[in-house]
>>> print(open('input.txt').read())   # compact mmCIF, C-alpha atoms
# COMPACT_ATOMS: atom_id res chain seq x y z
CA MET A 1476 -36.56 8.90 9.51
CA GLY A 1477 -39.21 6.23 9.24
CA HIS A 1478 -36.88 3.78 7.47
CA ALA A 1479 -34.97 2.68 10.54
CA SER A 1480 -34.19 -0.73 9.12
CA VAL A 1481 -33.36 -0.93 5.44
CA HIS A 1482 -33.45 -4.19 3.53
CA THR A 1483 -30.00 -4.98 2.19
CA PRO A 1484 -30.31 -6.91 -1.09
CA SER A 1485 -28.26 -10.09 -1.34
CA ARG A 1486 -25.86 -10.65 -4.24
CA SER A 1487 -28.34 -12.97 -5.97
CA GLU A 1488 -31.13 -10.37 -5.59
CA ILE A 1489 -28.91 -7.70 -7.14
CA TRP A 1490 -28.13 -10.06 -10.04
CA GLN A 1491 -31.82 -10.81 -10.56
CA GLY A 1492 -32.48 -7.06 -10.64
CA PHE A 1493 -30.86 -6.91 -14.09
CA ALA A 1494 -33.05 -7.69 -17.07
CA ALA A 1495 -32.34 -10.88 -19.03
CA THR A 1496 -30.66 -9.00 -21.88
CA GLU A 1497 -28.61 -7.00 -19.38
CA ARG A 1498 -27.43 -10.21 -17.67
CA ARG A 1499 -26.20 -11.48 -21.03
CA GLU A 1500 -24.33 -8.21 -21.58
CA VAL A 1501 -22.83 -8.35 -18.09
CA GLY A 1502 -21.62 -11.92 -18.60
CA THR A 1503 -20.12 -11.02 -21.95
CA VAL A 1504 -18.16 -8.05 -20.64
CA VAL A 1505 -16.95 -9.91 -17.55
CA VAL A 1506 -15.60 -12.74 -19.71
CA SER A 1507 -14.02 -10.37 -22.23
CA THR A 1508 -12.51 -8.36 -19.37
CA LEU A 1509 -10.93 -11.54 -18.01
CA GLN A 1510 -9.37 -12.32 -21.39
CA SER A 1511 -8.30 -8.79 -22.28
CA GLN A 1512 -6.90 -7.84 -18.89
CA SER A 1513 -4.98 -11.10 -18.45
CA THR A 1514 -3.24 -10.44 -21.75
CA SER A 1515 -2.62 -6.81 -20.81
CA ALA A 1516 -1.10 -7.87 -17.49
CA LEU A 1517 1.20 -10.31 -19.28
CA LEU A 1518 2.17 -7.66 -21.83
CA LEU A 1519 2.89 -5.08 -19.11
CA LEU A 1520 5.17 -7.52 -17.27
CA LEU A 1521 6.99 -8.37 -20.50
CA LEU A 1522 7.49 -4.69 -21.39
CA SER A 1523 8.83 -3.96 -17.89
CA LEU A 1524 11.30 -6.84 -18.09
CA LEU A 1525 12.23 -5.90 -21.65
CA ALA A 1526 12.93 -2.29 -20.65
CA LEU A 1527 15.04 -3.42 -17.70
CA ARG A 1528 16.98 -5.82 -19.94
CA VAL A 1529 17.64 -3.26 -22.68
CA THR A 1530 18.57 -0.31 -20.44
CA GLY A 1531 19.86 -2.02 -17.31
CA SER A 1532 18.36 0.79 -15.21
CA PRO A 1533 15.45 0.54 -12.71
CA ALA A 1534 14.40 4.05 -13.83
CA SER A 1535 13.31 2.64 -17.21
CA ALA A 1536 10.10 1.14 -15.80
CA PRO A 1537 8.71 4.49 -14.53
CA LEU A 1538 9.68 6.06 -17.86
CA VAL A 1539 7.60 3.44 -19.67
CA VAL A 1540 4.67 4.45 -17.45
CA ALA A 1541 5.36 8.13 -18.20
CA VAL A 1542 5.15 7.51 -21.94
CA GLY A 1543 1.94 5.56 -21.39
CA ALA A 1544 0.40 8.55 -19.63
CA LEU A 1545 0.63 10.86 -22.66
CA PRO A 1546 -2.26 9.50 -24.79
CA ALA A 1547 -4.89 10.24 -22.13
CA LEU A 1548 -3.88 13.91 -22.34
CA LEU A 1549 -3.38 14.18 -26.09
CA LEU A 1550 -6.52 12.28 -27.09
CA VAL A 1551 -9.04 13.61 -24.57
CA ARG A 1552 -11.13 15.43 -27.19
CA ALA A 1553 -11.12 12.44 -29.54
CA VAL A 1554 -12.05 10.10 -26.69
CA ARG A 1555 -15.04 12.25 -25.72
CA ILE A 1556 -16.26 12.56 -29.32
CA VAL A 1557 -15.92 8.83 -30.01
CA ASN A 1558 -17.74 7.87 -26.80
CA GLN A 1559 -20.52 10.32 -27.62
CA ARG A 1560 -21.12 8.88 -31.07
CA VAL A 1561 -20.02 5.22 -31.05
CA ASP A 1562 -21.57 2.39 -29.05
CA HIS A 1563 -19.42 1.57 -26.01
CA ARG A 1564 -19.17 -2.09 -26.99
CA TRP A 1565 -17.69 -1.18 -30.36
CA VAL A 1566 -15.20 1.17 -28.69
CA MET A 1567 -14.03 -1.62 -26.39
CA LEU A 1568 -13.78 -4.08 -29.29
CA LEU A 1569 -11.78 -1.70 -31.50
CA SER A 1570 -9.49 -0.78 -28.60
CA ASP A 1571 -8.61 -4.45 -28.13
CA ALA A 1572 -8.03 -4.73 -31.88
CA GLY A 1573 -5.46 -1.94 -31.63
CA ALA A 1574 -3.76 -3.67 -28.70
CA PHE A 1575 -3.56 -6.84 -30.82
CA VAL A 1576 -1.72 -4.92 -33.56
CA VAL A 1577 0.76 -3.52 -30.99
CA ALA A 1578 1.44 -6.99 -29.57
CA VAL A 1579 2.04 -8.46 -33.04
CA THR A 1580 4.41 -5.61 -33.93
CA LEU A 1581 6.48 -5.97 -30.74
CA TRP A 1582 6.64 -9.73 -31.24
CA GLN A 1583 7.95 -9.25 -34.79
CA LEU A 1584 10.55 -6.71 -33.63
CA VAL A 1585 11.93 -9.01 -30.96
CA ARG A 1586 11.77 -11.95 -33.34
CA ALA A 1587 13.77 -10.00 -35.96
CA GLY A 1588 16.80 -9.95 -33.66
CA GLY A 1589 16.32 -7.27 -31.07
CA VAL A 1590 14.36 -4.25 -29.96
CA HIS A 1591 15.51 -0.72 -29.18
CA VAL A 1592 14.37 1.20 -26.13
CA TRP A 1593 12.55 3.79 -28.25
CA GLN A 1594 10.52 0.99 -29.81
CA ILE A 1595 9.45 -0.16 -26.33
CA TYR A 1596 8.34 3.38 -25.51
CA ALA A 1597 6.52 3.69 -28.85
CA GLY A 1598 4.77 0.38 -28.25
CA MET A 1599 3.70 1.48 -24.79
CA PHE A 1600 2.43 4.80 -26.18
CA LEU A 1601 0.27 3.07 -28.79
CA PHE A 1602 -0.91 0.45 -26.31
CA ALA A 1603 -1.95 3.23 -23.89
CA ALA A 1604 -3.56 5.20 -26.73
CA PHE A 1605 -6.01 2.37 -27.41
CA GLY A 1606 -6.51 1.97 -23.65
CA ALA A 1607 -7.42 5.66 -23.40
CA PHE A 1608 -10.55 4.90 -25.42
CA TYR A 1609 -11.29 1.64 -23.60
CA LEU A 1610 -11.68 2.85 -20.00
CA PRO A 1611 -14.26 5.63 -20.60
CA ALA A 1612 -16.22 3.24 -22.81
CA MET A 1613 -16.13 0.55 -20.13
CA ARG A 1614 -17.25 2.94 -17.39
CA GLY A 1615 -19.93 4.43 -19.61
CA TRP A 1616 -21.23 0.94 -20.31
CA VAL A 1617 -21.19 0.12 -16.58
CA ALA A 1618 -23.19 3.24 -15.74
CA GLY A 1619 -25.67 2.44 -18.49
CA GLN A 1620 -26.33 -1.03 -17.07
CA THR A 1621 -26.98 0.09 -13.48
CA THR A 1622 -29.69 2.16 -11.80
CA GLY A 1623 -28.31 2.70 -8.29
CA LEU A 1624 -25.27 2.45 -6.05
CA GLU A 1625 -26.10 -1.15 -5.07
CA GLN A 1626 -26.00 -2.40 -8.68
CA LEU A 1627 -23.07 -0.12 -9.52
CA THR A 1628 -20.96 -1.46 -6.66
CA TRP A 1629 -21.94 -5.05 -7.50
CA LEU A 1630 -20.98 -4.69 -11.16
CA ASN A 1631 -17.73 -2.86 -10.36
CA ALA A 1632 -16.89 -5.59 -7.86
CA MET A 1633 -17.56 -8.34 -10.41
CA LEU A 1634 -15.41 -6.59 -13.00
CA ALA A 1635 -12.72 -6.19 -10.34
CA VAL A 1636 -12.92 -9.94 -9.67
CA ALA A 1637 -12.48 -10.62 -13.40
CA THR A 1638 -9.60 -8.15 -13.57
CA GLN A 1639 -7.84 -9.70 -10.59
CA ALA A 1640 -8.40 -13.18 -11.99
CA ALA A 1641 -6.74 -11.86 -15.14
CA VAL A 1642 -3.82 -10.62 -13.06
CA VAL A 1643 -3.44 -14.10 -11.59
CA VAL A 1644 -3.26 -15.57 -15.09
CA GLY A 1645 -1.15 -12.78 -16.59
CA TRP A 1646 1.42 -12.37 -13.84
CA ALA A 1647 1.69 -15.90 -12.54
CA LEU A 1648 1.94 -17.23 -16.08
CA GLY A 1649 4.11 -14.31 -17.19
CA GLY A 1650 6.68 -14.85 -14.47
CA VAL A 1651 7.02 -18.49 -15.50
CA LEU A 1652 7.01 -17.80 -19.25
CA ALA A 1653 9.60 -15.02 -19.09
CA SER A 1654 11.93 -17.25 -17.09
CA SER A 1655 11.40 -20.36 -19.23
CA ILE A 1656 10.43 -19.79 -22.87
CA GLY A 1657 11.62 -16.17 -23.05
CA ILE A 1658 10.09 -12.80 -23.87
CA GLN A 1659 9.86 -13.39 -27.64
CA VAL A 1660 7.57 -16.41 -27.47
CA SER A 1661 5.60 -14.81 -24.64
CA LEU A 1662 4.85 -11.79 -26.83
CA GLY A 1663 3.60 -14.16 -29.53
CA LEU A 1664 1.22 -15.70 -26.98
CA CYS A 1665 -0.05 -12.21 -26.14
CA ALA A 1666 -0.93 -11.60 -29.79
CA LEU A 1667 -2.66 -14.98 -30.02
CA SER A 1668 -4.69 -14.28 -26.87
CA TYR A 1669 -5.87 -10.92 -28.23
CA ALA A 1670 -6.91 -12.64 -31.47
CA VAL A 1671 -9.03 -15.16 -29.56
CA GLY A 1672 -10.62 -12.36 -27.52
CA LEU A 1673 -11.46 -10.37 -30.62
CA VAL A 1674 -13.25 -13.34 -32.15
CA LEU A 1675 -15.23 -13.81 -28.92
CA GLN A 1676 -16.27 -10.15 -28.76
CA CYS A 1677 -17.22 -10.04 -32.43
CA VAL A 1678 -19.41 -13.11 -32.05
CA VAL A 1679 -21.20 -11.90 -28.91
CA PHE A 1680 -21.37 -8.13 -29.47
CA VAL A 1681 -21.86 -8.02 -33.24
CA VAL A 1682 -23.35 -11.35 -34.31
CA ILE A 1683 -25.52 -12.31 -31.30
CA ASN A 1684 -26.32 -8.99 -29.60
CA ARG A 1685 -26.23 -6.98 -32.85
CA ALA A 1686 -24.69 -3.93 -31.23
CA PRO A 1687 -25.13 -0.87 -33.49
CA PHE A 1688 -21.92 0.94 -34.40
CA ARG A 1689 -23.36 4.38 -33.75
CA LYS A 1690 -25.35 5.22 -30.66
CA PRO A 1691 -29.07 5.62 -31.35
CA ALA A 1692 -30.49 9.11 -30.96
CA GLY A 1693 -31.45 9.76 -27.36
CA ALA A 1694 -28.98 7.29 -25.88
CA PRO A 1695 -27.03 8.51 -22.82
CA GLY A 1696 -24.07 10.57 -23.85
CA THR A 1697 -25.42 11.52 -27.29
CA ALA A 1698 -26.62 14.87 -28.43
CA ALA A 1699 -30.26 13.93 -27.97
CA ALA A 1700 -29.84 12.38 -24.56
CA GLY A 1701 -32.22 13.12 -21.76
CA THR A 1702 -31.64 14.66 -18.38
CA ALA A 1703 -29.26 11.91 -17.24
CA GLU A 1704 -26.47 13.33 -19.43
CA PRO A 1705 -25.40 16.90 -20.38
CA HIS A 1706 -27.52 18.60 -23.10
CA ALA A 1707 -24.74 18.64 -25.68
CA ALA A 1708 -27.09 19.51 -28.54
CA ALA A 1709 -27.96 22.88 -26.97
CA ASP A 1710 -24.39 23.98 -26.54
CA ARG A 1711 -21.58 21.45 -26.78
CA ALA A 1712 -18.93 23.94 -25.74
CA SER A 1713 -20.73 24.94 -22.56
CA ALA A 1714 -21.62 21.31 -21.89
CA GLY A 1715 -17.96 20.35 -22.14
CA THR A 1716 -17.04 23.16 -19.77
CA GLY A 1717 -19.80 22.01 -17.45
CA VAL A 1718 -18.36 18.50 -17.26
CA TRP A 1719 -14.95 19.87 -16.30
CA ARG A 1720 -16.52 22.14 -13.69
CA ASP A 1721 -18.73 19.42 -12.22
CA VAL A 1722 -15.90 16.90 -11.96
CA PHE A 1723 -13.07 19.11 -10.71
CA SER A 1724 -14.62 22.06 -8.87
CA PRO A 1725 -13.92 21.78 -5.10
CA ARG A 1726 -17.40 23.18 -4.51
CA ARG A 1727 -18.98 20.31 -6.45
CA LEU A 1728 -17.30 16.93 -6.91
CA GLY A 1729 -13.66 18.01 -6.94
CA LEU A 1730 -12.70 16.47 -3.61
CA PHE A 1731 -14.25 13.12 -4.51
CA THR A 1732 -12.41 13.26 -7.85
CA ALA A 1733 -9.17 14.13 -6.04
CA ALA A 1734 -9.53 11.10 -3.77
CA LEU A 1735 -9.94 8.81 -6.79
CA LEU A 1736 -7.04 10.49 -8.61
CA LEU A 1737 -4.68 10.06 -5.64
CA MET A 1738 -5.67 6.41 -5.28
CA GLU A 1739 -5.12 5.71 -9.00
CA LEU A 1740 -1.76 7.54 -8.98
CA THR A 1741 -0.62 5.50 -6.00
CA HIS A 1742 -1.42 2.25 -7.77
CA THR A 1743 0.14 3.36 -11.07
CA LEU A 1744 3.36 4.84 -9.69
CA GLY A 1745 3.76 2.12 -7.08
CA PHE A 1746 3.24 -0.57 -9.70
CA SER A 1747 5.85 1.03 -11.96
CA MET A 1748 8.39 0.23 -9.21
CA PHE A 1749 6.92 -3.17 -8.36
CA VAL A 1750 9.15 -5.28 -10.62
CA PRO A 1751 12.49 -3.58 -9.76
CA LEU A 1752 11.47 -3.49 -6.08
CA LEU A 1753 11.05 -7.28 -5.87
CA THR A 1754 13.48 -8.46 -8.55
CA GLY A 1755 16.28 -5.90 -8.53
CA GLY A 1756 16.34 -6.30 -12.31
CA ALA A 1757 17.30 -9.99 -12.11
CA ALA A 1758 15.29 -12.16 -14.51
CA ASP A 1759 15.71 -15.23 -12.29
CA ARG A 1760 13.78 -13.43 -9.53
CA SER A 1761 10.79 -12.63 -11.74
CA TRP A 1762 8.91 -15.49 -10.06
CA ILE A 1763 8.76 -13.40 -6.86
CA ALA A 1764 6.99 -10.52 -8.60
CA GLY A 1765 4.71 -12.91 -10.47
CA THR A 1766 3.78 -14.89 -7.36
CA ALA A 1767 3.24 -11.78 -5.21
CA ASN A 1768 0.95 -10.18 -7.76
CA ALA A 1769 -0.91 -13.44 -8.35
CA CYS A 1770 -1.52 -13.84 -4.59
CA PHE A 1771 -2.67 -10.22 -4.43
CA ALA A 1772 -5.10 -10.88 -7.28
CA LEU A 1773 -6.51 -14.02 -5.66
CA ALA A 1774 -7.08 -12.14 -2.41
CA ALA A 1775 -8.62 -9.21 -4.31
CA MET A 1776 -11.02 -11.61 -6.03
CA ILE A 1777 -12.21 -12.85 -2.63
CA SER A 1778 -12.52 -9.26 -1.43
CA GLY A 1779 -14.49 -8.28 -4.54
CA VAL A 1780 -17.02 -11.06 -4.00
CA LEU A 1781 -17.41 -10.20 -0.31
CA VAL A 1782 -18.04 -6.47 -0.82
CA SER A 1783 -20.24 -6.87 -3.92
CA GLY A 1784 -23.43 -6.98 -1.83
CA GLY A 1785 -25.01 -7.97 1.44
CA ALA A 1786 -24.24 -6.62 4.89
CA LEU A 1787 -20.45 -6.68 4.41
CA GLY A 1788 -20.73 -4.70 1.19
CA ARG A 1789 -22.90 -2.12 2.91
CA TRP A 1790 -20.44 -1.91 5.81
CA THR A 1791 -17.51 -1.43 3.41
CA ARG A 1792 -19.26 1.33 1.46
CA ALA A 1793 -20.04 3.18 4.69
CA ARG A 1794 -16.41 2.94 5.86
CA ALA A 1795 -14.58 3.18 2.54
CA PRO A 1796 -12.04 5.82 3.73
CA GLN A 1797 -10.98 3.71 6.70
CA VAL A 1798 -10.65 0.56 4.57
CA VAL A 1799 -8.58 2.48 1.99
CA LEU A 1800 -6.27 3.81 4.72
CA ALA A 1801 -5.85 0.32 6.19
CA GLY A 1802 -4.94 -1.09 2.77
CA PHE A 1803 -2.26 1.51 2.13
CA GLY A 1804 -0.98 1.05 5.69
CA VAL A 1805 -0.34 -2.64 4.97
CA GLN A 1806 1.24 -1.65 1.65
CA ILE A 1807 3.76 0.47 3.57
CA VAL A 1808 4.74 -2.58 5.62
CA PHE A 1809 5.03 -4.54 2.35
CA GLY A 1810 7.49 -1.97 1.02
CA LEU A 1811 9.60 -2.33 4.15
CA SER A 1812 9.62 -6.14 3.76
CA ALA A 1813 10.33 -6.34 0.01
CA ALA A 1814 13.73 -7.97 0.58
CA HIS A 1815 12.08 -11.00 2.21
CA PRO A 1816 10.12 -12.94 -0.47
CA VAL A 1817 7.81 -14.88 1.86
CA TRP A 1818 6.86 -11.83 3.92
CA ALA A 1819 6.47 -9.70 0.81
CA ILE A 1820 4.14 -12.21 -0.87
CA GLY A 1821 2.01 -12.61 2.27
CA LEU A 1822 1.72 -8.87 2.92
CA TYR A 1823 0.82 -8.14 -0.69
CA ALA A 1824 -1.92 -10.75 -0.46
CA MET A 1825 -3.25 -8.89 2.61
CA VAL A 1826 -3.28 -5.68 0.55
CA GLY A 1827 -5.47 -7.56 -1.91
CA LEU A 1828 -7.92 -8.54 0.83
CA LEU A 1829 -8.33 -4.87 1.70
CA SER A 1830 -8.74 -3.76 -1.93
CA GLY A 1831 -12.52 -3.83 -1.54
CA GLY A 1832 -12.17 -0.30 -0.20
CA ASP A 1833 -10.77 0.77 -3.57
CA ALA A 1834 -13.85 -0.61 -5.37
CA ALA A 1835 -16.12 1.16 -2.87
CA LEU A 1836 -14.31 4.47 -3.40
CA GLN A 1837 -14.49 4.14 -7.18
CA SER A 1838 -18.19 3.25 -7.10
CA GLU A 1839 -19.03 6.18 -4.83
CA VAL A 1840 -17.22 8.66 -7.08
CA GLN A 1841 -18.72 7.17 -10.24
CA ASP A 1842 -22.21 7.31 -8.73
CA ARG A 1843 -21.74 11.01 -7.97
CA TRP A 1844 -20.54 11.57 -11.55
CA ARG A 1845 -23.80 10.30 -13.07
CA PRO A 1846 -25.39 13.76 -13.64
CA ALA A 1847 -22.30 14.84 -15.60
CA GLY A 1848 -22.32 11.66 -17.72
CA SER A 1849 -20.04 8.79 -16.71
CA ALA A 1850 -18.21 8.35 -20.03
CA GLN A 1851 -17.67 12.11 -20.36
CA ALA A 1852 -16.53 12.39 -16.73
CA PHE A 1853 -14.03 9.57 -17.19
CA ALA A 1854 -12.72 11.20 -20.38
CA VAL A 1855 -11.95 14.52 -18.66
CA PHE A 1856 -10.67 12.62 -15.61
CA GLY A 1857 -8.27 10.79 -17.90
CA ALA A 1858 -7.12 14.11 -19.35
CA VAL A 1859 -5.95 15.11 -15.87
CA GLN A 1860 -4.85 11.64 -14.79
CA GLY A 1861 -2.55 11.33 -17.82
CA PRO A 1862 -0.45 14.45 -17.11
CA ALA A 1863 -0.44 13.59 -13.40
CA GLN A 1864 0.94 10.14 -14.21
CA LEU A 1865 3.47 11.72 -16.57
CA VAL A 1866 4.72 14.20 -13.99
CA GLY A 1867 4.66 11.58 -11.25
CA SER A 1868 6.53 9.01 -13.35
CA LEU A 1869 9.19 11.55 -14.32
CA ALA A 1870 9.53 12.56 -10.67
CA VAL A 1871 9.88 8.91 -9.65
CA ALA A 1872 12.49 8.31 -12.37
CA ALA A 1873 14.44 11.36 -11.20
CA LEU A 1874 14.28 10.29 -7.55
CA LEU A 1875 15.48 6.80 -8.44
CA THR A 1876 18.74 8.25 -9.75
CA GLY A 1877 19.66 9.26 -6.19
CA LEU A 1878 17.47 7.14 -3.90
CA SER A 1879 16.73 3.44 -3.55
CA VAL A 1880 13.62 1.90 -5.08
CA GLY A 1881 12.27 1.05 -1.61
CA THR A 1882 12.58 4.63 -0.36
CA VAL A 1883 10.75 6.12 -3.35
CA TYR A 1884 8.08 3.42 -3.18
CA LEU A 1885 7.38 4.09 0.49
CA GLY A 1886 7.25 7.84 -0.04
CA THR A 1887 4.73 7.40 -2.86
CA VAL A 1888 2.39 5.24 -0.78
CA VAL A 1889 2.63 7.46 2.30
CA VAL A 1890 1.97 10.75 0.51
CA LEU A 1891 -0.49 9.74 -2.21
CA GLY A 1892 -2.06 6.55 -0.84
CA LEU A 1893 -2.83 7.74 2.66
CA GLY A 1894 -3.77 11.12 1.16
CA SER A 1895 -6.55 9.52 -0.92
CA GLY A 1896 -8.29 8.13 2.16
CA LEU A 1897 -7.98 11.41 4.04
CA VAL A 1898 -9.31 13.44 1.09
CA LEU A 1899 -12.32 11.11 0.81
CA MET A 1900 -13.05 11.72 4.50
CA LEU A 1901 -12.90 15.48 3.87
CA ALA A 1902 -15.10 15.18 0.76
CA ARG A 1903 -17.78 13.31 2.68
CA SER A 1904 -17.75 15.80 5.53
CA ARG A 1905 -18.21 18.73 3.12
CA ALA A 1906 -20.74 17.10 0.78
CA GLU A 1907 -24.21 18.63 0.68
CA ALA A 1908 -25.79 15.19 0.74
CA PRO A 1909 -24.97 12.51 3.32
CA THR A 1910 -22.95 9.40 2.51
CA PRO A 1911 -24.57 7.84 -0.61
CA ARG A 1912 -27.56 5.66 0.14
CA VAL A 1913 -27.12 1.92 0.02
CA GLU A 1914 -30.73 0.82 -0.19
CA ALA A 1915 -32.05 -0.46 -3.49
CA PRO A 1916 -33.55 2.23 -5.75
CA VAL A 1917 -37.32 2.36 -6.03
>>> encode(input="input.txt", output="structure tokens")
Amino acid sequence: MGHASVHTPSRSEIWQGFAATERREVGTVVVSTLQSQSTSALLLLLLSLLALRVTGSPASAPLVVAVGALPALLLVRAVRIVNQRVDHRWVMLLSDAGAFVVAVTLWQLVRAGGVHVWQIYAGMFLFAAFGAFYLPAMRGWVAGQTTGLEQLTWLNAMLAVATQAAVVVGWALGGVLASSIGIQVSLGLCALSYAVGLVLQCVVFVVINRAPFRKPAGAPGTAAAGTAEPHAAADRASAGTGVWRDVFSPRRLGLFTAALLLMELTHTLGFSMFVPLLTGGAADRSWIAGTANACFALAAMISGVLVSGGALGRWTRARAPQVVLAGFGVQIVFGLSAAHPVWAIGLYAMVGLLSGGDAALQSEVQDRWRPAGSAQAFAVFGAVQGPAQLVGSLAVAALLTGLSVGTVYLGTVVVLGLGSGLVLMLARSRAEAPTPRVEAPV
């Protein structure tokens, strides 16, 4: 216990800890994340409003989410194989290319004179299918760029800042666009934005950085990888089984995985009710949902910067369960105040300020997943998260036929949201090792 006082690296010191080439990669992915996620946020808002307009039922939004949960289950094997063999940057680029095709197709359907509900569901399925490849590739890339929990938390926080900035652009702009120029033109802007992002990624990843399409032999996650990833070359079947066992076994990392799964389900299911909760299906009230989510994103950006390093970041990582519980507690009050626009917007912004606990939880779980291989762990996690979202979305849709949106929303946050913080507390108390170290790796 000789290290009584541990030096806590500042944010600038963590940034300087990356090599020059790594800093260029980080900047590239942060910028591309801002572009891609802002367009995705706009597209999600447009699909939610389109489903509400076509069906006239608030249950249609959770059903869209349910359809979007299927690809993560159906494509888990393909996702793992692709992320083992193809460079993560190429996977992200091709995933965005697929999203561009979906946006163009939906735009053409609406432009042709109308869209059927099954076409909305099909579009969401394809959009989620490309996203199923994107997230494991992104998380695998993040793990490959970092060497310790300090850098991992910093990079996750910076990506969260970019994502929330994208939400500000996507939702604030989307609420205005849907109310003014209409859904058709807004979908065309989505396609144009994806096209611009694809050009940017091709220039940086392919032309400047010369990213190879296939992973070089010995790279993490490939058959010839070293001890940091599973030895797939020896026995791929047993290695695959080992990843499942490492990630989900209660005796290993299962409780940490469960905490992350409950948190993600709360956000997904709660967000599927966000638009009908604040708008009641009225297009002229879409500004409320757009403003609330934009304020949340602005607050989350501030939170991400604050917890990315320094003493506050260390404090947040040490008390992640308590911060997560506080955030969901405020979200419960938000659900009770949804009928009052000013209160709802202010409370949702406060939820954003407390979202640093979510980034700390995700970083802790991802750091513990390193021995199993981050991309592989996220692939099998997605295979469970997809069916869980499907079942949860169907349950929410069924409950909405007999209960109000506010009641179902509150029940979701109470059971799943508060449960994630409590499970993380239990996981830490039962872990063999103490709470993950926060000092810089040697």
>>> residues_around(input="input.txt", residues="region 1608-1618 of chain A", least_positions_apart="5", cutoff="7 Å", atoms="only C-alpha atoms", output="number ranges by chain")
A: 1554, 1558, 1563, 1566-1567, 1570, 1849-1850, 1853-1854
>>> atom_distance(input="input.txt", atom1="CA of Gln1512 (chain A)", atom2="CA of Asp1571 (chain A)")
10.0 Å
>>> closest_residue(input="input.txt", among="A:Leu1735, A:Arg1555, A:Leu1569, A:Trp1629", to="Val1674 (chain A)", atoms="all atoms listed in the file")
A:Leu1569
>>> residues_around(input="input.txt", residues="Arg1794 (chain A)", least_positions_apart="2", cutoff="10 Å", atoms="all atoms listed in the file", output="NGL selection string")
:A and (1788-1792 or 1796-1799 or 1832 or 1835-1836 or 1900 or 1910)
>>> residues_around(input="input.txt", residues="Ala1824 (chain A)", least_positions_apart="2", cutoff="10 Å", atoms="all atoms listed in the file", output="JSON, numbers by chain")
{"A": [1766, 1767, 1768, 1769, 1770, 1771, 1772, 1773, 1774, 1775, 1805, 1806, 1809, 1818, 1819, 1820, 1821, 1822, 1826, 1827, 1828, 1829, 1830]}
>>> atom_distance(input="input.txt", atom1="CA of Trp1565 (chain A)", atom2="CA of Ala1637 (chain A)")
20.1 Å
>>> closest_residue(input="input.txt", among="A:Gly1804, A:Pro1537, A:Gly1896, A:Gly1745", to="Phe1731 (chain A)", atoms="all atoms listed in the file")
A:Gly1896
>>> residues_around(input="input.txt", residues="Pro1546 (chain A)", least_positions_apart="4", cutoff="7 Å", atoms="all atoms listed in the file", output="PDB file with C-alpha atoms, keeping the file's coordinate frame")
ATOM      1  CA  LEU A1550      -6.520  12.280 -27.090  1.00  0.00           C
ATOM      2  CA  PHE A1600       2.430   4.800 -26.180  1.00  0.00           C
ATOM      3  CA  ALA A1603      -1.950   3.230 -23.890  1.00  0.00           C
ATOM      4  CA  ALA A1604      -3.560   5.200 -26.730  1.00  0.00           C
ATOM      5  CA  ALA A1607      -7.420   5.660 -23.400  1.00  0.00           C
TER       6      ALA A1607
END
>>> closest_residue(input="input.txt", among="A:Met1825, A:Leu1752, A:Leu1522, A:Val1557", to="Val1585 (chain A)", atoms="all atoms listed in the file")
A:Leu1522
>>> closest_residue(input="input.txt", among="A:Trp1582, A:Phe1746, A:Phe1803, A:Tyr1884", to="Cys1665 (chain A)", atoms="all atoms listed in the file")
A:Trp1582
>>> atom_distance(input="input.txt", atom1="CA of Val1539 (chain A)", atom2="CA of Leu1730 (chain A)")
29.0 Å
>>> axis_aligned_box(input="input.txt", around="region 1554-1571 of chain A", padding_each_side="5 Å", output="JSON")
{"center_x": -15.1, "center_y": 4.1, "center_z": -28.6, "size_x": 23.0, "size_y": 27.0, "size_z": 15.8}
>>> residues_around(input="input.txt", residues="region 1528-1532 of chain A", least_positions_apart="5", cutoff="10 Å", atoms="only C-alpha atoms", output="ChimeraX atom specification")
/A:1522-1523,1589-1592,1595,1751,1755-1758,1872,1875-1876
>>> closest_residue(input="input.txt", among="A:Arg1726, A:Leu1581, A:Val1718, A:Thr1508", to="Ile1658 (chain A)", atoms="all atoms listed in the file")
A:Leu1581
>>> closest_residue(input="input.txt", among="A:Gly1881, A:Gly1892, A:Gly1502, A:Gly1857", to="Val1679 (chain A)", atoms="only C-alpha atoms")
A:Gly1502
>>> build_atoms(input="input.txt", residues="region 1786-1791 of chain A", atoms="N, CA and C atoms", output="PDB file, in the frame of the given file")
ATOM      1  N   ALA A1786     -24.576  -7.472   3.757  1.00  0.00           N
ATOM      2  CA  ALA A1786     -24.240  -6.620   4.890  1.00  0.00           C
ATOM      3  C   ALA A1786     -22.786  -6.158   4.859  1.00  0.00           C
ATOM      4  N   LEU A1787     -21.864  -7.059   4.449  1.00  0.00           N
ATOM      5  CA  LEU A1787     -20.450  -6.680   4.410  1.00  0.00           C
ATOM      6  C   LEU A1787     -20.201  -5.608   3.354  1.00  0.00           C
ATOM      7  N   GLY A1788     -20.877  -5.725   2.204  1.00  0.00           N
ATOM      8  CA  GLY A1788     -20.730  -4.700   1.190  1.00  0.00           C
ATOM      9  C   GLY A1788     -21.242  -3.353   1.665  1.00  0.00           C
ATOM     10  N   ARG A1789     -22.357  -3.363   2.369  1.00  0.00           N
ATOM     11  CA  ARG A1789     -22.900  -2.120   2.910  1.00  0.00           C
ATOM     12  C   ARG A1789     -21.955  -1.523   3.937  1.00  0.00           C
ATOM     13  N   TRP A1790     -21.380  -2.378   4.793  1.00  0.00           N
ATOM     14  CA  TRP A1790     -20.440  -1.910   5.810  1.00  0.00           C
ATOM     15  C   TRP A1790     -19.204  -1.298   5.156  1.00  0.00           C
ATOM     16  N   THR A1791     -18.700  -1.925   4.091  1.00  0.00           N
ATOM     17  CA  THR A1791     -17.510  -1.430   3.410  1.00  0.00           C
ATOM     18  C   THR A1791     -17.775  -0.093   2.736  1.00  0.00           C
TER      19      THR A1791
END
